[in-house]
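Inspection log for the structure reproduced underneath, given as structure tokens.
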Amino acid sequence: IFQLQAGIQLEEAVVKGYPMIRMEVDRLIYDVEQDTTAYRSKALDILGKLPFVTIDPKSKNLQVMGGGNYAITVNGRKSLFLSEANQYVAQLLQADKMKTIELVMTPTGRYADKTAVINIVTSGSLPDGIVGNLLVDANHEYIRPDLAATSKIKKLIYQIEYIPEYQYYHKLNSQSLTLNHLGSIRHRTETAETEWSRDHRQDISLRASYDLNERNLLTLSGNYTFYKEKAYADEHSRIADIADQTIKELDAENRDILKNNAFKASLNYQKTFSDQSDRMLTATYSVEHNTDHDTYRQNLFNGADSTDSKAISTNRLRLTEHTLGVDYSHPFNKQHSYFVTGKTVFRHYSSDGTSQNGNTAPSANEDLTYNQQVYSLTASYTWRHKKFMLMPQISFEVTNNNMQFTETTDWQNKCFFDVIPQLLFIYQMGVKSSWTLSYSKPAFRPDIYYLNPFVNDSDPTHIIVGNPRLKPEKKHVFNIAYRFFAPKFEINASANYAYSSNAIYPYDYVNEDGIRTTTYGNIGRSDIVALNLGLRYRNLNKINAWLNGTTTYSHYSYSENDYPLW
């Protein structure tokens with residue numbers, strides 16, 4: 001009971017409601033400290049309260065905007081403590097250590113290739129501890145254990161993961177009918193094929209991060225993979241003329257043993273500045289080395305002339321790649337900021353092989369040496385004002401390809417220079433909804449897999465060959481997106497239209513021997529329309545339902561082609 005003396009005038013007081021989740025022009029901000037139930041919740045439960053974020057009830061993996069292409073940062077810096085590949089360690093992070101969680105729905109700068117970024121702002125040091133995880137996925141064809149452990153010891157966070165996989169016996173039976181036309185000649189090919197394989201792989205990875213101090217972070221990641229596959233295929237083909245009279249019958253037994261060793265490592269340094277926490281310098285170096293060993297054996301029997309042939313080919317393909325990148329972001333104030341990044345990539349492919357037909361001596365088989373250098377420079381400027389955000393960006397990219405496909409041929413050089421513009425505009429309609437418009441002109445530069453003129457004729461009825469005359473594919477991409485959230489209902493919808501006047505696409509033709517051949521070409525125009533819709537309804541802890549749908553329409557057309565019967 002409060003008793004007030006009569007005649008005393010009280011001072012006025014204004015009480016304002018403060019929402020736990022509020023929208024800014026490019027992000028949602030969840031104020032964890034305003035949530036009175038947060039201190040009793042796990043970190044994953046807190047993240048699950050964010051709009052457009054769902055948690056798989058089985059794997060506990062996060063999905064943002066219906067997918068997994070996102071990044072998680074702690075206090076603006078990349079951290080292994082809550083990473084996309086290691087989300088279960090969130091059990092170590094207590095909710096009372098969180099101040100706010102930001103969901104950046106339109107990332108820019110070094111995260112421009114991500115769908116979203118989740119940034120967790122903490123109010124104290126993260127706790128030490130260790131978390132182990134064991135998952136086993138198995139059925140009648142394979143078994144895949146996943147053993148991982150993550151620990152934080154003062155400034156050091158590390159994760160070790162080991163995944164062995166054993167693939168058991170499985171068979172696939174297929175039948176096909178192909179009609180090949182070449183002038184007045186028509187061939188009918190009937191094929192019955194049985195395939196099966198046995199393979200296993202070993203994956204081991206190490207990720208670690210170390211806080212040099214509160215402004216400097218060092219991260220290291222490495223992965224080693226060993227893979228071995230034994231593939232078998234038995235095939236019977238019958239080739240007939242227009243009257244369905246048998247011209248040739250082929251029986252083939254193919255045995256293929258593939259071994260792959262891959263090693264990847266990356267070293268990353270991040271520096272933030274004392275005057276502005278959003279001002280950041282990042283330097284990255286990564287190296288990758290892959291080696292493939294392929295041994296292929298084929299027995300081919302021709303029933304028409306009773307000939308029998310045997311072939312053995314071996315090939316070793318090696319790839320070494322070095323990447324160095326530096327980027328710098330600097331916000332002048334809340335309205336203006338810019339981002340600059342540069343990257344260089346050096347790739348070296350080499351391949352050597354031998355082949356033996358019948359009792360002939362082994363001979364050289366299409367040796368390959370391929371060097372590629374990529375240089376890129378990107379700059380963007382971001383302007384924010386109340387409910388508007390505008391970001392123009394431009395990239396300059398140079399790709400130099402040097403190729404020698406056999407020791408007796410001359411070196412071939414292809415150099416691509418591309419200017420890639422991009423424009424992004426966001427309008428926040430209210431406190432719960434926003435519209436996003438964007439335009440970009442990306443370029444797809446064909447690499448060795450498209451350019452290599454090596455003729456793969458391991459299947460006698462189907463030849464695959466690359467095309468060294470390809471040009472980069474230029475696209476125009478337009479996108480519009482709408483997002484809305486309420487305590488119980490969310491909408492995430494987008495429409496995308498892309499077209500290219502020199503689209504790269506595989507096509508088939510029949511060569512002079514009547515054999516179907518697949519290659520790549522700048523065939524003409526492509527138009528792609530994609531619609532995406534995500535709906536979610538949740539009612540406290542009782543109901544959590546979401547629906548994601550995508551539909552895509554693709555159309556390819558050409559006016560002139562060297563192979564009009566494609």
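Quick note on naming: the chains in the structure tokens go A, B, ... in the order shown, residues restart at 1 in each chain, and ligands are numbered from 1 in order of appearance.
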Could you list, with a cut-off of 12 Å and counting only C-alpha atoms, the residues of range 419-525 of chain A near range 331-350 of chain A, each shown with its nearest atom pair and the distance in Å rounded to one decimal, rows sorted by chain and ascending number, as CSV?
residue,atom,partner,partner_atom,distance
A:Asp447,CA,A:Arg347,CA,10.6
A:Ile448,CA,A:Tyr349,CA,8.6
A:Tyr449,CA,A:Tyr349,CA,11.0
A:Asn452,CA,A:Tyr349,CA,11.5
Store the residues picked out above in a file with N, CA and C atoms, as a short mmCIF file (atom, residue, chain, number, x, y, z; two decimals), in the first residue's frame.
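New file result-v9.cif:
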data_model
loop_
_atom_site.label_atom_id
_atom_site.label_comp_id
_atom_site.auth_asym_id
_atom_site.auth_seq_id
_atom_site.Cartn_x
_atom_site.Cartn_y
_atom_site.Cartn_z
N ASP A 447 36.43 -24.24 -68.01
CA ASP A 447 37.74 -24.70 -67.59
C ASP A 447 38.10 -25.96 -68.36
N ILE A 448 39.08 -26.72 -67.82
CA ILE A 448 39.64 -27.84 -68.55
C ILE A 448 38.60 -28.92 -68.84
N TYR A 449 37.60 -29.06 -67.97
CA TYR A 449 36.60 -30.10 -68.18
C TYR A 449 35.76 -29.83 -69.42
N ASN A 452 38.96 -29.49 -72.82
CA ASN A 452 39.86 -30.59 -73.16
C ASN A 452 39.34 -31.36 -74.38
#
Taking 3 positions as the minimum chain separation for residues in the same chain, which residues sit within 12 Å of Thr191 in chain A when counting only C-alpha atoms? Answer as a JSON list (two decimals) with all heavy atoms, in the first residue's frame.
[["chain", "number", "residue", "atom", "x", "y", "z"],
["A", 173, "ASN", "N", 20.46, -52.32, -63.61],
["A", 173, "ASN", "CA", 20.18, -52.85, -64.94],
["A", 173, "ASN", "C", 19.45, -51.78, -65.74],
["A", 173, "ASN", "O", 18.50, -51.15, -65.24],
["A", 173, "ASN", "CB", 19.32, -54.11, -64.86],
["A", 173, "ASN", "CG", 20.03, -55.24, -64.13],
["A", 173, "ASN", "OD1", 21.19, -55.52, -64.40],
["A", 173, "ASN", "ND2", 19.34, -55.88, -63.21],
["A", 174, "SER", "N", 19.89, -51.57, -66.97],
["A", 174, "SER", "CA", 19.26, -50.55, -67.81],
["A", 174, "SER", "C", 19.19, -51.03, -69.24],
["A", 174, "SER", "O", 20.03, -51.81, -69.71],
["A", 174, "SER", "CB", 20.03, -49.23, -67.74],
["A", 174, "SER", "OG", 21.36, -49.40, -68.21],
["A", 175, "GLN", "N", 18.18, -50.56, -69.95],
["A", 175, "GLN", "CA", 18.01, -50.83, -71.38],
["A", 175, "GLN", "C", 17.73, -49.52, -72.09],
["A", 175, "GLN", "O", 17.06, -48.64, -71.55],
["A", 175, "GLN", "CB", 16.86, -51.82, -71.61],
["A", 175, "GLN", "CG", 17.12, -53.22, -71.08],
["A", 175, "GLN", "CD", 15.98, -54.17, -71.36],
["A", 175, "GLN", "OE1", 14.86, -53.73, -71.60],
["A", 175, "GLN", "NE2", 16.26, -55.45, -71.35],
["A", 176, "SER", "N", 18.25, -49.39, -73.30],
["A", 176, "SER", "CA", 18.04, -48.15, -74.04],
["A", 176, "SER", "C", 17.91, -48.45, -75.53],
["A", 176, "SER", "O", 18.40, -49.47, -76.03],
["A", 176, "SER", "CB", 19.21, -47.18, -73.82],
["A", 176, "SER", "OG", 20.42, -47.74, -74.30],
["A", 177, "LEU", "N", 17.22, -47.56, -76.22],
["A", 177, "LEU", "CA", 17.05, -47.63, -77.67],
["A", 177, "LEU", "C", 17.42, -46.27, -78.24],
["A", 177, "LEU", "O", 16.90, -45.24, -77.81],
["A", 177, "LEU", "CB", 15.61, -47.98, -78.04],
["A", 177, "LEU", "CG", 15.24, -47.86, -79.53],
["A", 177, "LEU", "CD1", 16.04, -48.85, -80.36],
["A", 177, "LEU", "CD2", 13.74, -48.06, -79.72],
["A", 178, "THR", "N", 18.36, -46.26, -79.19],
["A", 178, "THR", "CA", 18.83, -45.02, -79.81],
["A", 178, "THR", "C", 18.66, -45.11, -81.32],
["A", 178, "THR", "O", 19.07, -46.10, -81.95],
["A", 178, "THR", "CB", 20.31, -44.76, -79.48],
["A", 178, "THR", "OG1", 20.47, -44.75, -78.06],
["A", 178, "THR", "CG2", 20.76, -43.43, -80.05],
["A", 179, "LEU", "N", 18.04, -44.08, -81.92],
["A", 179, "LEU", "CA", 17.93, -43.97, -83.37],
["A", 179, "LEU", "C", 18.86, -42.86, -83.82],
["A", 179, "LEU", "O", 18.69, -41.70, -83.46],
["A", 179, "LEU", "CB", 16.49, -43.66, -83.77],
["A", 179, "LEU", "CG", 15.44, -44.71, -83.41],
["A", 179, "LEU", "CD1", 14.05, -44.25, -83.82],
["A", 179, "LEU", "CD2", 15.76, -46.05, -84.06],
["A", 188, "ARG", "N", 19.75, -48.27, -85.83],
["A", 188, "ARG", "CA", 18.97, -48.57, -84.63],
["A", 188, "ARG", "C", 19.89, -49.31, -83.67],
["A", 188, "ARG", "O", 20.45, -50.36, -84.00],
["A", 188, "ARG", "CB", 17.76, -49.42, -85.00],
["A", 188, "ARG", "CG", 16.94, -49.92, -83.80],
["A", 188, "ARG", "CD", 15.92, -50.95, -84.28],
["A", 188, "ARG", "NE", 15.11, -51.45, -83.17],
["A", 188, "ARG", "CZ", 13.92, -50.97, -82.85],
["A", 188, "ARG", "NH1", 13.41, -49.97, -83.56],
["A", 188, "ARG", "NH2", 13.25, -51.48, -81.84],
["A", 194, "THR", "N", 24.45, -53.83, -67.45],
["A", 194, "THR", "CA", 24.42, -54.12, -66.02],
["A", 194, "THR", "C", 25.65, -53.51, -65.37],
["A", 194, "THR", "O", 26.77, -53.76, -65.82],
["A", 194, "THR", "CB", 24.38, -55.63, -65.75],
["A", 194, "THR", "OG1", 23.22, -56.19, -66.38],
["A", 194, "THR", "CG2", 24.31, -55.91, -64.26],
["A", 234, "ASP", "N", 28.84, -54.72, -67.64],
["A", 234, "ASP", "CA", 28.70, -55.67, -68.74],
["A", 234, "ASP", "C", 27.63, -55.13, -69.68],
["A", 234, "ASP", "O", 26.54, -54.74, -69.24],
["A", 234, "ASP", "CB", 28.28, -57.05, -68.21],
["A", 234, "ASP", "CG", 29.37, -57.68, -67.33],
["A", 234, "ASP", "OD1", 30.53, -57.31, -67.51],
["A", 234, "ASP", "OD2", 29.03, -58.52, -66.48],
["A", 235, "GLU", "N", 27.95, -55.12, -70.98],
["A", 235, "GLU", "CA", 27.06, -54.47, -71.93],
["A", 235, "GLU", "C", 26.91, -55.32, -73.19],
["A", 235, "GLU", "O", 27.88, -55.92, -73.68],
["A", 235, "GLU", "CB", 27.62, -53.09, -72.28],
["A", 235, "GLU", "CG", 26.78, -52.30, -73.27],
["A", 235, "GLU", "CD", 27.37, -50.94, -73.55],
["A", 235, "GLU", "OE1", 27.70, -50.22, -72.58],
["A", 235, "GLU", "OE2", 27.53, -50.60, -74.74],
["A", 236, "HIS", "N", 25.68, -55.37, -73.68],
["A", 236, "HIS", "CA", 25.40, -56.01, -74.97],
["A", 236, "HIS", "C", 24.69, -55.00, -75.85],
["A", 236, "HIS", "O", 23.67, -54.42, -75.45],
["A", 236, "HIS", "CB", 24.53, -57.26, -74.80],
["A", 236, "HIS", "CG", 24.07, -57.85, -76.11],
["A", 236, "HIS", "ND1", 24.92, -58.61, -76.90],
["A", 236, "HIS", "CD2", 22.89, -57.75, -76.77],
["A", 236, "HIS", "CE1", 24.27, -58.98, -77.99],
["A", 236, "HIS", "NE2", 23.03, -58.48, -77.93],
["A", 237, "SER", "N", 25.23, -54.76, -77.05],
["A", 237, "SER", "CA", 24.64, -53.80, -77.98],
["A", 237, "SER", "C", 24.35, -54.48, -79.32],
["A", 237, "SER", "O", 25.14, -55.31, -79.80],
["A", 237, "SER", "CB", 25.59, -52.61, -78.22],
["A", 237, "SER", "OG", 25.81, -51.91, -77.01],
["A", 238, "ARG", "N", 23.23, -54.11, -79.89],
["A", 238, "ARG", "CA", 22.83, -54.61, -81.21],
["A", 238, "ARG", "C", 22.53, -53.41, -82.09],
["A", 238, "ARG", "O", 21.72, -52.57, -81.76],
["A", 238, "ARG", "CB", 21.60, -55.50, -81.10],
["A", 238, "ARG", "CG", 21.01, -55.93, -82.44],
["A", 238, "ARG", "CD", 19.80, -56.83, -82.24],
["A", 238, "ARG", "NE", 19.10, -57.06, -83.48],
["A", 238, "ARG", "CZ", 18.07, -56.33, -83.91],
["A", 238, "ARG", "NH1", 17.63, -55.33, -83.18],
["A", 238, "ARG", "NH2", 17.49, -56.62, -85.05],
["A", 239, "ILE", "N", 23.22, -53.33, -83.24],
["A", 239, "ILE", "CA", 23.04, -52.25, -84.19],
["A", 239, "ILE", "C", 22.36, -52.81, -85.43],
["A", 239, "ILE", "O", 22.82, -53.80, -86.02],
["A", 239, "ILE", "CB", 24.39, -51.61, -84.56],
["A", 239, "ILE", "CG1", 25.09, -51.08, -83.29],
["A", 239, "ILE", "CG2", 24.20, -50.48, -85.56],
["A", 239, "ILE", "CD1", 26.46, -50.52, -83.54],
["A", 240, "ALA", "N", 21.24, -52.18, -85.82],
["A", 240, "ALA", "CA", 20.45, -52.67, -86.94],
["A", 240, "ALA", "C", 20.19, -51.55, -87.94],
["A", 240, "ALA", "O", 20.32, -50.36, -87.61],
["A", 240, "ALA", "CB", 19.13, -53.26, -86.44],
["A", 249, "GLU", "N", 26.82, -56.81, -83.61],
["A", 249, "GLU", "CA", 26.54, -57.03, -82.21],
["A", 249, "GLU", "C", 27.84, -56.91, -81.42],
["A", 249, "GLU", "O", 28.87, -57.40, -81.86],
["A", 249, "GLU", "CB", 25.92, -58.41, -81.96],
["A", 249, "GLU", "CG", 24.50, -58.55, -82.47],
["A", 249, "GLU", "CD", 23.86, -59.85, -82.03],
["A", 249, "GLU", "OE1", 23.61, -60.03, -80.81],
["A", 249, "GLU", "OE2", 23.62, -60.70, -82.92],
["A", 250, "LEU", "N", 27.75, -56.24, -80.29],
["A", 250, "LEU", "CA", 28.93, -56.00, -79.47],
["A", 250, "LEU", "C", 28.66, -56.45, -78.04],
["A", 250, "LEU", "O", 27.61, -56.14, -77.47],
["A", 250, "LEU", "CB", 29.31, -54.52, -79.46],
["A", 250, "LEU", "CG", 29.76, -53.89, -80.78],
["A", 250, "LEU", "CD1", 29.93, -52.39, -80.62],
["A", 250, "LEU", "CD2", 31.05, -54.51, -81.26],
["A", 251, "ASP", "N", 29.60, -57.20, -77.48],
["A", 251, "ASP", "CA", 29.57, -57.56, -76.07],
["A", 251, "ASP", "C", 30.83, -56.97, -75.42],
["A", 251, "ASP", "O", 31.94, -57.21, -75.90],
["A", 251, "ASP", "CB", 29.55, -59.08, -75.88],
["A", 251, "ASP", "CG", 28.20, -59.67, -76.25],
["A", 251, "ASP", "OD1", 27.25, -59.46, -75.48],
["A", 251, "ASP", "OD2", 28.10, -60.33, -77.31],
["A", 252, "ALA", "N", 30.63, -56.23, -74.35],
["A", 252, "ALA", "CA", 31.76, -55.56, -73.70],
["A", 252, "ALA", "C", 31.73, -55.84, -72.20],
["A", 252, "ALA", "O", 30.66, -55.84, -71.57],
["A", 252, "ALA", "CB", 31.71, -54.06, -73.95],
["A", 459, "ASP", "N", 33.17, -46.14, -74.08],
["A", 459, "ASP", "CA", 31.91, -46.73, -74.51],
["A", 459, "ASP", "C", 31.89, -46.70, -76.03],
["A", 459, "ASP", "O", 31.84, -45.62, -76.64],
["A", 459, "ASP", "CB", 30.74, -45.94, -73.93],
["A", 459, "ASP", "CG", 29.39, -46.55, -74.28],
["A", 459, "ASP", "OD1", 29.35, -47.47, -75.12],
["A", 459, "ASP", "OD2", 28.38, -46.11, -73.71],
["A", 460, "PRO", "N", 31.91, -47.86, -76.71],
["A", 460, "PRO", "CA", 32.00, -47.85, -78.18],
["A", 460, "PRO", "C", 30.79, -47.27, -78.87],
["A", 460, "PRO", "O", 30.86, -46.95, -80.06],
["A", 460, "PRO", "CB", 32.19, -49.34, -78.52],
["A", 460, "PRO", "CG", 31.62, -50.08, -77.36],
["A", 460, "PRO", "CD", 31.89, -49.24, -76.17],
["A", 461, "THR", "N", 29.69, -47.10, -78.15],
["A", 461, "THR", "CA", 28.47, -46.56, -78.77],
["A", 461, "THR", "C", 28.25, -45.10, -78.43],
["A", 461, "THR", "O", 27.27, -44.50, -78.88],
["A", 461, "THR", "CB", 27.24, -47.37, -78.34],
["A", 461, "THR", "OG1", 27.07, -47.23, -76.92],
["A", 461, "THR", "CG2", 27.41, -48.84, -78.69],
["A", 462, "HIS", "N", 29.14, -44.50, -77.60],
["A", 462, "HIS", "CA", 28.92, -43.11, -77.17],
["A", 462, "HIS", "C", 30.28, -42.47, -76.88],
["A", 462, "HIS", "O", 30.99, -42.86, -75.96],
["A", 462, "HIS", "CB", 28.03, -43.07, -75.93],
["A", 462, "HIS", "CG", 27.70, -41.69, -75.47],
["A", 462, "HIS", "ND1", 27.22, -41.42, -74.21],
["A", 462, "HIS", "CD2", 27.78, -40.49, -76.11],
["A", 462, "HIS", "CE1", 27.02, -40.12, -74.09],
["A", 462, "HIS", "NE2", 27.35, -39.54, -75.24]]
I'd like the contact shell of Pro421 in chain A - 7 Å cut-off, only C-alpha atoms, skipping same-chain residues fewer than 6 positions apart - returned as a list in words.
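After dropping sequence-adjacent residues, the list is Gln393, Ile394, Ser395, Ser440 and Lys441 of chain A.
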Of the candidates A:Thr320, A:Gln412, A:Asn502, A:Thr295, which one gets nearest to Phe263 in chain A if we count only C-alpha atoms?
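Result for the nearest residue to Phe263 in chain A: A:Thr320.
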Between A:Asp294, A:Glu195, A:Glu190, A:Glu397, which has the minimum distance to Tyr375 in chain A (counting only C-alpha atoms)?
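Selected residue with least distance to Tyr375 in chain A: A:Glu397.
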Which neighbours of Lys114 in chain A fall inside 9 Å, counting only C-alpha atoms, when residues of the same chain fewer than 6 positions from it are skipped, and could you give them as a list in words?
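Listed by chain and then number, they are Asn69, Tyr70, Ala71, Thr106, Pro107 and Thr108 of chain A.
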Take the residues from that selection and put them in a file with N, CA and C atoms, as a tab-separated table (two decimals), in the first residue's frame.
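The resulting file, selection.tsv, is shown below:
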chain	number	residue	atom	x	y	z
A	69	ASN	N	23.27	-22.43	-47.43
A	69	ASN	CA	24.33	-21.55	-47.92
A	69	ASN	C	24.37	-20.28	-47.08
A	70	TYR	N	24.90	-20.38	-45.86
A	70	TYR	CA	24.97	-19.24	-44.98
A	70	TYR	C	26.26	-19.32	-44.16
A	71	ALA	N	26.55	-18.26	-43.43
A	71	ALA	CA	27.73	-18.21	-42.57
A	71	ALA	C	27.30	-17.78	-41.17
A	106	THR	N	20.58	-9.98	-46.60
A	106	THR	CA	21.20	-9.64	-47.89
A	106	THR	C	22.67	-9.32	-47.63
A	107	PRO	N	23.53	-10.34	-47.51
A	107	PRO	CA	24.94	-10.09	-47.18
A	107	PRO	C	25.65	-9.36	-48.31
A	108	THR	N	26.64	-8.57	-47.94
A	108	THR	CA	27.50	-7.88	-48.90
A	108	THR	C	28.95	-8.17	-48.53
At a cut-off of 10 Å, using only C-alpha atoms, what residues contact Thr550 in chain A? Leave out same-chain residues fewer than 2 positions from it and give the result as an MDAnalysis selection string.
chainID A and resid 493:495 530:534 548 552
Measuring atom to atom with only C-alpha atoms, identify which of A:Met65, A:Met23, A:Asn479, A:Asn75 is nearest to Arg536 in chain A.
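Answer, going by the shortest atom-to-atom distance: A:Met65.
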Using only C-alpha atoms, which of A:Thr408, A:Val477, A:Met403, A:Ala283 sits nearest Leu437 in chain A?
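When distances to Leu437 in chain A are compared using only C-alpha atoms, the smallest one comes from A:Val477.
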Of the residues A:Ala192, A:Ile120, A:Ile8, A:Leu212, which is the one nearest to Lys154 in chain A, using only C-alpha atoms?
A:Leu212
Give me the residues near Asn456 in chain A as a short mmCIF file (atom, residue, chain, number, x, y, z; two decimals) with C-alpha atoms, in the first residue's frame, where near means some atom within 8 Å (using only C-alpha atoms) and where sequence neighbours in that chain fewer than 5 positions away do not count.
data_model
loop_
_atom_site.label_atom_id
_atom_site.label_comp_id
_atom_site.auth_asym_id
_atom_site.auth_seq_id
_atom_site.Cartn_x
_atom_site.Cartn_y
_atom_site.Cartn_z
CA ILE A 463 31.91 -40.76 -77.51
CA ILE A 464 32.49 -37.76 -75.19
CA VAL A 465 34.84 -34.93 -76.20
#
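For the residues A:Gly76, A:Gly549, A:Pro51, A:Gly466, ranking by smallest atom-to-atom distance to Arg483 in chain A using only C-alpha atoms places A:Pro51 first.
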Excluding same-chain residues fewer than 2 positions from Val431 in chain A, what lies within 12 Å of it counting only C-alpha atoms, as a list in words?
Pro19, Ile21, Arg22, Met23, Glu24, Val25, Asp26, Arg27, Leu28, Ile29, Lys386, Lys387, Tyr427, Gln428, Met429, Ser433, Ser434, Arg483, Phe484, Phe485 and Ala486 of chain A
State, in Å with one decimal place, the distance from CA of Ser151 in chain A to CA of Lys264 in chain A.
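So the two atoms, CA of Ser151 in chain A and CA of Lys264 in chain A, lie 22.0 Å apart.
Here CA of Glu165 in chain A is placed at a distance of 13.3 Å from CA of His140 in chain A.
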One number please: CA of Leu390 in chain A to CA of Met105 in chain A, in Å, one decimal.
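Value for the CA of Leu390 in chain A-CA of Met105 in chain A distance: 14.3 Å.
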Backbone DSSP call of alpha helix (DSSP H) for range 326-538 of chain A, listed as an mmCIF file with all heavy atoms, in the first residue's frame:
data_model
loop_
_atom_site.group_PDB
_atom_site.id
_atom_site.type_symbol
_atom_site.label_atom_id
_atom_site.label_comp_id
_atom_site.auth_asym_id
_atom_site.auth_seq_id
_atom_site.Cartn_x
_atom_site.Cartn_y
_atom_site.Cartn_z
ATOM 1 N N ILE A 448 39.077 -26.718 -67.824
ATOM 2 C CA ILE A 448 39.637 -27.838 -68.553
ATOM 3 C C ILE A 448 38.599 -28.915 -68.841
ATOM 4 O O ILE A 448 38.658 -29.605 -69.857
ATOM 5 C CB ILE A 448 40.833 -28.422 -67.766
ATOM 6 C CG1 ILE A 448 41.551 -29.494 -68.573
ATOM 7 C CG2 ILE A 448 40.376 -28.956 -66.415
ATOM 8 C CD1 ILE A 448 42.160 -28.997 -69.848
ATOM 9 N N TYR A 449 37.604 -29.059 -67.973
ATOM 10 C CA TYR A 449 36.597 -30.097 -68.180
ATOM 11 C C TYR A 449 35.758 -29.827 -69.422
ATOM 12 O O TYR A 449 35.209 -30.744 -70.022
ATOM 13 C CB TYR A 449 35.702 -30.213 -66.951
ATOM 14 C CG TYR A 449 36.443 -30.698 -65.730
ATOM 15 C CD1 TYR A 449 36.807 -29.804 -64.732
ATOM 16 C CD2 TYR A 449 36.814 -32.027 -65.586
ATOM 17 C CE1 TYR A 449 37.506 -30.233 -63.612
ATOM 18 C CE2 TYR A 449 37.514 -32.463 -64.481
ATOM 19 C CZ TYR A 449 37.855 -31.560 -63.496
ATOM 20 O OH TYR A 449 38.544 -31.985 -62.396
ATOM 21 N N TYR A 450 35.627 -28.547 -69.816
ATOM 22 C CA TYR A 450 34.882 -28.197 -71.023
ATOM 23 C C TYR A 450 35.800 -28.035 -72.231
ATOM 24 O O TYR A 450 35.385 -28.272 -73.370
ATOM 25 C CB TYR A 450 34.124 -26.882 -70.806
ATOM 26 C CG TYR A 450 33.050 -26.953 -69.756
ATOM 27 C CD1 TYR A 450 33.355 -26.750 -68.422
ATOM 28 C CD2 TYR A 450 31.729 -27.219 -70.101
ATOM 29 C CE1 TYR A 450 32.370 -26.810 -67.446
ATOM 30 C CE2 TYR A 450 30.734 -27.281 -69.142
ATOM 31 C CZ TYR A 450 31.063 -27.076 -67.816
ATOM 32 O OH TYR A 450 30.088 -27.143 -66.850
ATOM 33 N N LEU A 451 37.056 -27.610 -72.003
ATOM 34 C CA LEU A 451 37.946 -27.279 -73.111
ATOM 35 C C LEU A 451 38.750 -28.467 -73.631
ATOM 36 O O LEU A 451 39.216 -28.449 -74.768
ATOM 37 C CB LEU A 451 38.926 -26.180 -72.677
ATOM 38 C CG LEU A 451 38.313 -24.860 -72.198
ATOM 39 C CD1 LEU A 451 39.408 -23.950 -71.655
ATOM 40 C CD2 LEU A 451 37.553 -24.178 -73.318
#
Apply DSSP to the structure's backbone, then extract all residues of range 228-456 of chain A labelled strand (DSSP E) and return them as a PyMOL selection string.
chain A and resi 228-240+246-272+280-302+307-331+336-357+363-364+368-385+388-404+412-428+433-440+443-444+455-456
